[in-house]
Amino acid sequence: MEMVMDAFVNTKSLKILKDPRQGDHVVAGDDAKNEREPLKPSTATVGDIHVADPRMTCRHVNVFYGEKRAIRDVSIDIGRNEVLAMIGPSGCGKSTFLRCLNRMNDTIDGCRVTGTITLDGQDIYDPALDVVLLRAQVGMVFQKPNPFPKSIYDNVAYGPKIHGLAQSREELDEIVETSLRKAGLWEEVKDRLHQSGTSLSGGQQQRLCIARAIAVNPEVILMDEPCSALDPIATGRIEDLMHELRAQYSIVIVTHSMQQAARVSQRTAFFHMGDLIEVGPTDRIFTRPRHKLTEDYITGRFG
Ligand SMILES: Nc1ncnc2c1ncn2[C@@H]1O[C@H](COP(=O)(O)OP(=O)(O)OP(=O)(O)O)[C@@H](O)[C@H]1O
Ligand SMILES: [Mg+2]
């Protein structure tokens, strides 16, 4: 019983006793009108949102598309060397939340983010922050592989070039090779580096996009359903890769596949209608969920 109670008492459930807007500061697209509107408290998250040594912290994050609130007061840490899986039914806000982590929502008209998100202790919505650099530090891999219409080599070399990471052609060659090796693609492409990236298979293209993200020394890699366009073999390769990449990076993956979340992640976060319902160690979430909605979702009762 104590354990169950414990699960329901966390910073969020305590927080709703006070003004839910307290402590928030508007971090993007400040809109005075919305600020005055009282925010309904969101559902308290079940489970521990904290990790011992976070790479990123998200506190009281809300996302609005115009008047509509798509993310409701979400707080969660992202650990070092962990794969965090984000699951939940279509439209619950997984992609929206993921895009907050490298300010991709800035590019969407009418989208407004409040709350605080830090990377290594630094507020990523600080107006003085270089967003291009942030997006290198927090790289993104999309559902549909999207290589640039350039050669395999240039796809990987482009980022290091614009960020000035290589002093010479030799250094650039080395970054390209190392990144392709880490992405598990080098052996397949080393003799065709000057062919177009789009000439690769879907699974190879996705690994090329991972190599492109790795090439600029990220700390965190965001992946939004990275395998949904891939066959089981290509999917297996990406999943193996995630295990290897975790040694160096933090990975946040959105997936509709419960099996995939169980295979690749150490922690799982379950979203529902903009709320972060439950977060915890992946094995526990899938074997002993504490919230009814989590249980209903993982047992296939909805979604
Ligand atoms: N650019 C946008 N403009 C307006 N509303 C949006 C926009 N993008 C998403 N939304 C809305 O925000 C909510 C969350 O959408 P989001 O794409 O984050 O969900 P999701 O969990 O990633 O869903 P899926 O599993 O289908 O990819 C939905 O109600 C959606 O309609
Ligand atoms: Mg999505």
# chains A, B, ... in the order shown; residues from 1 in each chain; ligands from 1
call {"tool": "residues_near_ligand", "arguments": {"ligand": "ligand 2", "cutoff": "9 Å", "atoms": "only C-alpha atoms and all ligand atoms", "output": "short mmCIF file (atom, residue, chain, number, x, y, z; two decimals) with N, CA and C atoms, in the first residue's frame"}}
result
data_model
loop_
_atom_site.label_atom_id
_atom_site.label_comp_id
_atom_site.auth_asym_id
_atom_site.auth_seq_id
_atom_site.Cartn_x
_atom_site.Cartn_y
_atom_site.Cartn_z
N SER A 90 -1.93 7.58 -30.72
CA SER A 90 -1.77 8.61 -31.74
C SER A 90 -2.40 9.92 -31.29
N GLY A 91 -1.66 11.02 -31.44
CA GLY A 91 -2.21 12.33 -31.10
C GLY A 91 -2.02 12.73 -29.65
N CYS A 92 -1.33 11.87 -28.86
CA CYS A 92 -1.19 12.18 -27.42
C CYS A 92 -0.10 13.22 -27.17
N GLY A 93 0.72 13.52 -28.19
CA GLY A 93 1.71 14.60 -28.01
C GLY A 93 3.16 14.16 -27.99
N LYS A 94 3.43 12.93 -28.38
CA LYS A 94 4.82 12.42 -28.32
C LYS A 94 5.75 13.24 -29.21
N SER A 95 5.35 13.44 -30.47
CA SER A 95 6.22 14.20 -31.38
C SER A 95 6.34 15.64 -30.92
N THR A 96 5.23 16.20 -30.45
CA THR A 96 5.24 17.58 -29.97
C THR A 96 6.24 17.73 -28.83
N LEU A 98 8.78 15.70 -28.09
CA LEU A 98 10.14 15.44 -28.59
C LEU A 98 10.71 16.70 -29.24
N GLN A 143 10.91 9.99 -38.82
CA GLN A 143 10.22 8.76 -39.19
C GLN A 143 10.62 8.31 -40.59
N ASP A 224 12.10 9.95 -33.84
CA ASP A 224 10.63 9.90 -33.89
C ASP A 224 10.20 8.75 -34.80
N GLU A 225 9.82 7.65 -34.22
CA GLU A 225 9.43 6.44 -34.96
C GLU A 225 10.43 6.13 -36.07
N VAL A 254 10.57 7.78 -29.86
CA VAL A 254 9.12 7.64 -29.90
C VAL A 254 8.82 6.39 -30.71
N THR A 255 7.99 5.52 -30.17
CA THR A 255 7.66 4.33 -30.93
C THR A 255 6.22 3.88 -30.66
#
call {"tool": "residues_around", "arguments": {"residues": "Val216 of chain A", "least_positions_apart": "2", "cutoff": "10 Å", "atoms": "only C-alpha atoms", "output": "list in words"}}
result
Leu133, Arg135, Ala136, Gln137, Val138, Gly139, Val156, Ala157, Tyr158, Gly159, Pro160, Lys161, Ile162, His163, Gly164, Leu165, Ile175, Ser179, Ala211, Arg212, Ala213, Ile214, Pro218 and Glu219 of chain A
call {"tool": "write_last_selection", "arguments": {"atoms": "C-alpha atoms", "output": "PDB file, in the first residue's frame"}}
result
ATOM      1  CA  LEU A 133      24.359  24.623 -32.178  1.00  0.00           C
ATOM      2  CA  ARG A 135      20.228  21.193 -32.796  1.00  0.00           C
ATOM      3  CA  ALA A 136      23.692  19.721 -33.287  1.00  0.00           C
ATOM      4  CA  GLN A 137      23.939  18.902 -29.576  1.00  0.00           C
ATOM      5  CA  VAL A 138      20.418  17.470 -29.614  1.00  0.00           C
ATOM      6  CA  GLY A 139      20.177  15.789 -33.011  1.00  0.00           C
ATOM      7  CA  VAL A 156      27.774  13.300 -43.232  1.00  0.00           C
ATOM      8  CA  ALA A 157      30.366  16.017 -43.918  1.00  0.00           C
ATOM      9  CA  TYR A 158      27.865  18.879 -44.180  1.00  0.00           C
ATOM     10  CA  GLY A 159      27.323  19.398 -40.424  1.00  0.00           C
ATOM     11  CA  PRO A 160      31.002  19.195 -39.417  1.00  0.00           C
ATOM     12  CA  LYS A 161      31.772  21.690 -42.212  1.00  0.00           C
ATOM     13  CA  ILE A 162      29.234  24.301 -41.115  1.00  0.00           C
ATOM     14  CA  HIS A 163      30.227  23.882 -37.459  1.00  0.00           C
ATOM     15  CA  GLY A 164      33.926  24.136 -38.306  1.00  0.00           C
ATOM     16  CA  LEU A 165      34.732  20.770 -36.717  1.00  0.00           C
ATOM     17  CA  ILE A 175      34.866  12.309 -39.116  1.00  0.00           C
ATOM     18  CA  SER A 179      30.406   8.522 -38.028  1.00  0.00           C
ATOM     19  CA  ALA A 211      25.573   9.052 -39.065  1.00  0.00           C
ATOM     20  CA  ARG A 212      24.720  12.628 -40.031  1.00  0.00           C
ATOM     21  CA  ALA A 213      23.423  13.302 -36.507  1.00  0.00           C
ATOM     22  CA  ILE A 214      26.481  11.665 -34.908  1.00  0.00           C
ATOM     23  CA  PRO A 218      25.651  15.335 -30.263  1.00  0.00           C
ATOM     24  CA  GLU A 219      24.889  14.634 -26.632  1.00  0.00           C
TER      25      GLU A 219
END
call {"tool": "residues_near_ligand", "arguments": {"ligand": "ligand 1", "cutoff": "12 Å", "atoms": "only C-alpha atoms and all ligand atoms", "output": "MDAnalysis selection string"}}
result
chainID A and resid 62:72 86:100 104:112 142:143 223:226 228 253:257 269:276 303
call {"tool": "select_by_dssp", "arguments": {"residues": "segment 36-131 of chain A", "states": "strand (DSSP E or B)", "output": "VMD selection string"}}
result
chain A and resid 46 54 to 65 68 to 79 83 to 87 111 to 119 122 to 123
call {"tool": "write_last_selection", "arguments": {"atoms": "C-alpha atoms", "output": "PDB file, in the first residue's frame"}}
result
ATOM      1  CA  VAL A  46       2.894   8.308 -11.615  1.00  0.00           C
ATOM      2  CA  PRO A  54      20.324  14.067 -15.768  1.00  0.00           C
ATOM      3  CA  ARG A  55      21.573  15.168 -19.176  1.00  0.00           C
ATOM      4  CA  MET A  56      18.362  17.110 -19.766  1.00  0.00           C
ATOM      5  CA  THR A  57      15.628  18.258 -17.387  1.00  0.00           C
ATOM      6  CA  CYS A  58      12.115  19.283 -18.418  1.00  0.00           C
ATOM      7  CA  ARG A  59       9.930  21.071 -15.883  1.00  0.00           C
ATOM      8  CA  HIS A  60       6.294  22.123 -16.223  1.00  0.00           C
ATOM      9  CA  VAL A  61       6.439  22.035 -19.999  1.00  0.00           C
ATOM     10  CA  ASN A  62       3.282  23.090 -21.816  1.00  0.00           C
ATOM     11  CA  VAL A  63       2.918  23.321 -25.569  1.00  0.00           C
ATOM     12  CA  PHE A  64       0.155  25.269 -27.266  1.00  0.00           C
ATOM     13  CA  TYR A  65      -0.877  25.238 -30.908  1.00  0.00           C
ATOM     14  CA  LYS A  68      -5.075  24.344 -27.956  1.00  0.00           C
ATOM     15  CA  ARG A  69      -2.822  22.848 -25.290  1.00  0.00           C
ATOM     16  CA  ALA A  70      -1.135  19.753 -26.708  1.00  0.00           C
ATOM     17  CA  ILE A  71       1.276  19.121 -23.804  1.00  0.00           C
ATOM     18  CA  ARG A  72       0.087  19.622 -20.242  1.00  0.00           C
ATOM     19  CA  ASP A  73       2.600  20.464 -17.541  1.00  0.00           C
ATOM     20  CA  VAL A  74       5.068  17.675 -18.279  1.00  0.00           C
ATOM     21  CA  SER A  75       8.171  17.236 -16.115  1.00  0.00           C
ATOM     22  CA  ILE A  76      10.776  14.543 -16.746  1.00  0.00           C
ATOM     23  CA  ASP A  77      14.543  14.032 -16.669  1.00  0.00           C
ATOM     24  CA  ILE A  78      16.582  12.442 -19.445  1.00  0.00           C
ATOM     25  CA  GLY A  79      19.531  10.470 -18.115  1.00  0.00           C
ATOM     26  CA  VAL A  83      17.393   5.101 -24.048  1.00  0.00           C
ATOM     27  CA  LEU A  84      14.101   6.683 -22.997  1.00  0.00           C
ATOM     28  CA  ALA A  85      11.076   5.391 -24.905  1.00  0.00           C
ATOM     29  CA  MET A  86       8.005   7.571 -25.306  1.00  0.00           C
ATOM     30  CA  ILE A  87       4.799   5.668 -25.996  1.00  0.00           C
ATOM     31  CA  CYS A 111       3.297  26.988 -31.535  1.00  0.00           C
ATOM     32  CA  ARG A 112       4.231  28.210 -28.072  1.00  0.00           C
ATOM     33  CA  VAL A 113       6.241  26.411 -25.404  1.00  0.00           C
ATOM     34  CA  THR A 114       6.288  27.292 -21.687  1.00  0.00           C
ATOM     35  CA  GLY A 115       8.219  25.761 -18.837  1.00  0.00           C
ATOM     36  CA  THR A 116      11.909  25.085 -18.468  1.00  0.00           C
ATOM     37  CA  ILE A 117      14.120  22.663 -20.373  1.00  0.00           C
ATOM     38  CA  THR A 118      17.832  22.391 -19.662  1.00  0.00           C
ATOM     39  CA  LEU A 119      20.739  20.613 -21.325  1.00  0.00           C
ATOM     40  CA  GLN A 122      21.705  25.356 -19.359  1.00  0.00           C
ATOM     41  CA  ASP A 123      18.264  26.697 -20.295  1.00  0.00           C
TER      42      ASP A 123
END
call {"tool": "select_by_dssp", "arguments": {"residues": "segment 113-287 of chain A", "states": "alpha helix (DSSP H)", "output": "PyMOL selection string"}}
result
chain A and resi 131-137+152-162+169-182+186-189+202-214+232-245+258-264+282-287
call {"tool": "closest_residue", "arguments": {"among": "A:Leu129, A:Asn81, A:Phe302, A:His194", "to": "Tyr249 of chain A", "atoms": "only C-alpha atoms"}}
result
A:Asn81
call {"tool": "residues_around", "arguments": {"residues": "Arg263 of chain A", "least_positions_apart": "2", "cutoff": "10 Å", "atoms": "only C-alpha atoms", "output": "PyMOL selection string"}}
result
chain A and resi 239-240+243+257-261+265-266+282-283
call {"tool": "write_last_selection", "arguments": {"atoms": "N, CA and C atoms", "output": "PDB file, in the first residue's frame"}}
result
ATOM      1  N   GLU A 239      17.949  -1.092 -34.001  1.00  0.00           N
ATOM      2  CA  GLU A 239      17.816  -1.367 -32.561  1.00  0.00           C
ATOM      3  C   GLU A 239      19.166  -1.778 -31.965  1.00  0.00           C
ATOM      4  N   ASP A 240      19.929  -2.619 -32.698  1.00  0.00           N
ATOM      5  CA  ASP A 240      21.268  -3.003 -32.211  1.00  0.00           C
ATOM      6  C   ASP A 240      22.140  -1.761 -32.063  1.00  0.00           C
ATOM      7  N   HIS A 243      21.649   0.234 -28.928  1.00  0.00           N
ATOM      8  CA  HIS A 243      22.365  -0.312 -27.761  1.00  0.00           C
ATOM      9  C   HIS A 243      23.804   0.182 -27.740  1.00  0.00           C
ATOM     10  N   SER A 257       5.618   0.731 -31.257  1.00  0.00           N
ATOM     11  CA  SER A 257       5.793  -0.698 -31.022  1.00  0.00           C
ATOM     12  C   SER A 257       6.203  -0.929 -29.569  1.00  0.00           C
ATOM     13  N   MET A 258       5.306  -1.553 -28.841  1.00  0.00           N
ATOM     14  CA  MET A 258       5.592  -1.854 -27.436  1.00  0.00           C
ATOM     15  C   MET A 258       6.787  -2.793 -27.333  1.00  0.00           C
ATOM     16  N   GLN A 259       6.869  -3.722 -28.310  1.00  0.00           N
ATOM     17  CA  GLN A 259       8.001  -4.668 -28.302  1.00  0.00           C
ATOM     18  C   GLN A 259       9.308  -3.903 -28.476  1.00  0.00           C
ATOM     19  N   GLN A 260       9.277  -2.925 -29.379  1.00  0.00           N
ATOM     20  CA  GLN A 260      10.495  -2.153 -29.598  1.00  0.00           C
ATOM     21  C   GLN A 260      10.878  -1.368 -28.336  1.00  0.00           C
ATOM     22  N   ALA A 261       9.908  -0.726 -27.718  1.00  0.00           N
ATOM     23  CA  ALA A 261      10.196   0.019 -26.484  1.00  0.00           C
ATOM     24  C   ALA A 261      10.810  -0.926 -25.455  1.00  0.00           C
ATOM     25  N   SER A 265      14.765   0.187 -24.663  1.00  0.00           N
ATOM     26  CA  SER A 265      14.853   1.283 -23.687  1.00  0.00           C
ATOM     27  C   SER A 265      15.067   0.800 -22.260  1.00  0.00           C
ATOM     28  N   GLN A 266      15.624   1.698 -21.459  1.00  0.00           N
ATOM     29  CA  GLN A 266      15.773   1.426 -20.032  1.00  0.00           C
ATOM     30  C   GLN A 266      14.637   2.075 -19.235  1.00  0.00           C
ATOM     31  N   THR A 282      11.632   0.463 -17.790  1.00  0.00           N
ATOM     32  CA  THR A 282      10.835  -0.177 -18.836  1.00  0.00           C
ATOM     33  C   THR A 282      10.275  -1.528 -18.398  1.00  0.00           C
ATOM     34  N   ASP A 283      11.089  -2.339 -17.717  1.00  0.00           N
ATOM     35  CA  ASP A 283      10.585  -3.664 -17.352  1.00  0.00           C
ATOM     36  C   ASP A 283       9.393  -3.546 -16.399  1.00  0.00           C
TER      37      ASP A 283
END
call {"tool": "closest_residue", "arguments": {"among": "A:Val252, A:Leu208, A:Ala183, A:Ile238", "to": "Lys150 of chain A", "atoms": "only C-alpha atoms"}}
result
A:Leu208
call {"tool": "residues_around", "arguments": {"residues": "Arg192 of chain A", "least_positions_apart": "3", "cutoff": "9 Å", "atoms": "only C-alpha atoms", "output": "JSON, numbers by chain"}}
result
{"A": [151, 152, 153, 188, 189, 195, 196]}
call {"tool": "write_last_selection", "arguments": {"atoms": "C-alpha atoms", "output": "JSON list (two decimals), in the first residue's frame"}}
result
[["chain", "number", "residue", "atom", "x", "y", "z"],
["A", 151, "SER", "CA", 26.45, 12.31, -51.89],
["A", 152, "ILE", "CA", 26.73, 9.89, -48.98],
["A", 153, "TYR", "CA", 29.99, 11.63, -48.04],
["A", 188, "GLU", "CA", 28.23, -1.08, -46.97],
["A", 189, "VAL", "CA", 29.10, 2.32, -48.41],
["A", 195, "GLN", "CA", 26.95, 8.20, -54.85],
["A", 196, "SER", "CA", 23.78, 9.98, -53.83]]
call {"tool": "closest_residue", "arguments": {"among": "A:Lys190, A:Arg169, A:Gly280, A:Val264", "to": "Glu244 of chain A", "atoms": "only C-alpha atoms"}}
result
A:Val264
call {"tool": "closest_residue", "arguments": {"among": "A:Val279, A:Ala229, A:Ile210, A:Leu200", "to": "Leu245 of chain A", "atoms": "only C-alpha atoms"}}
result
A:Ile210
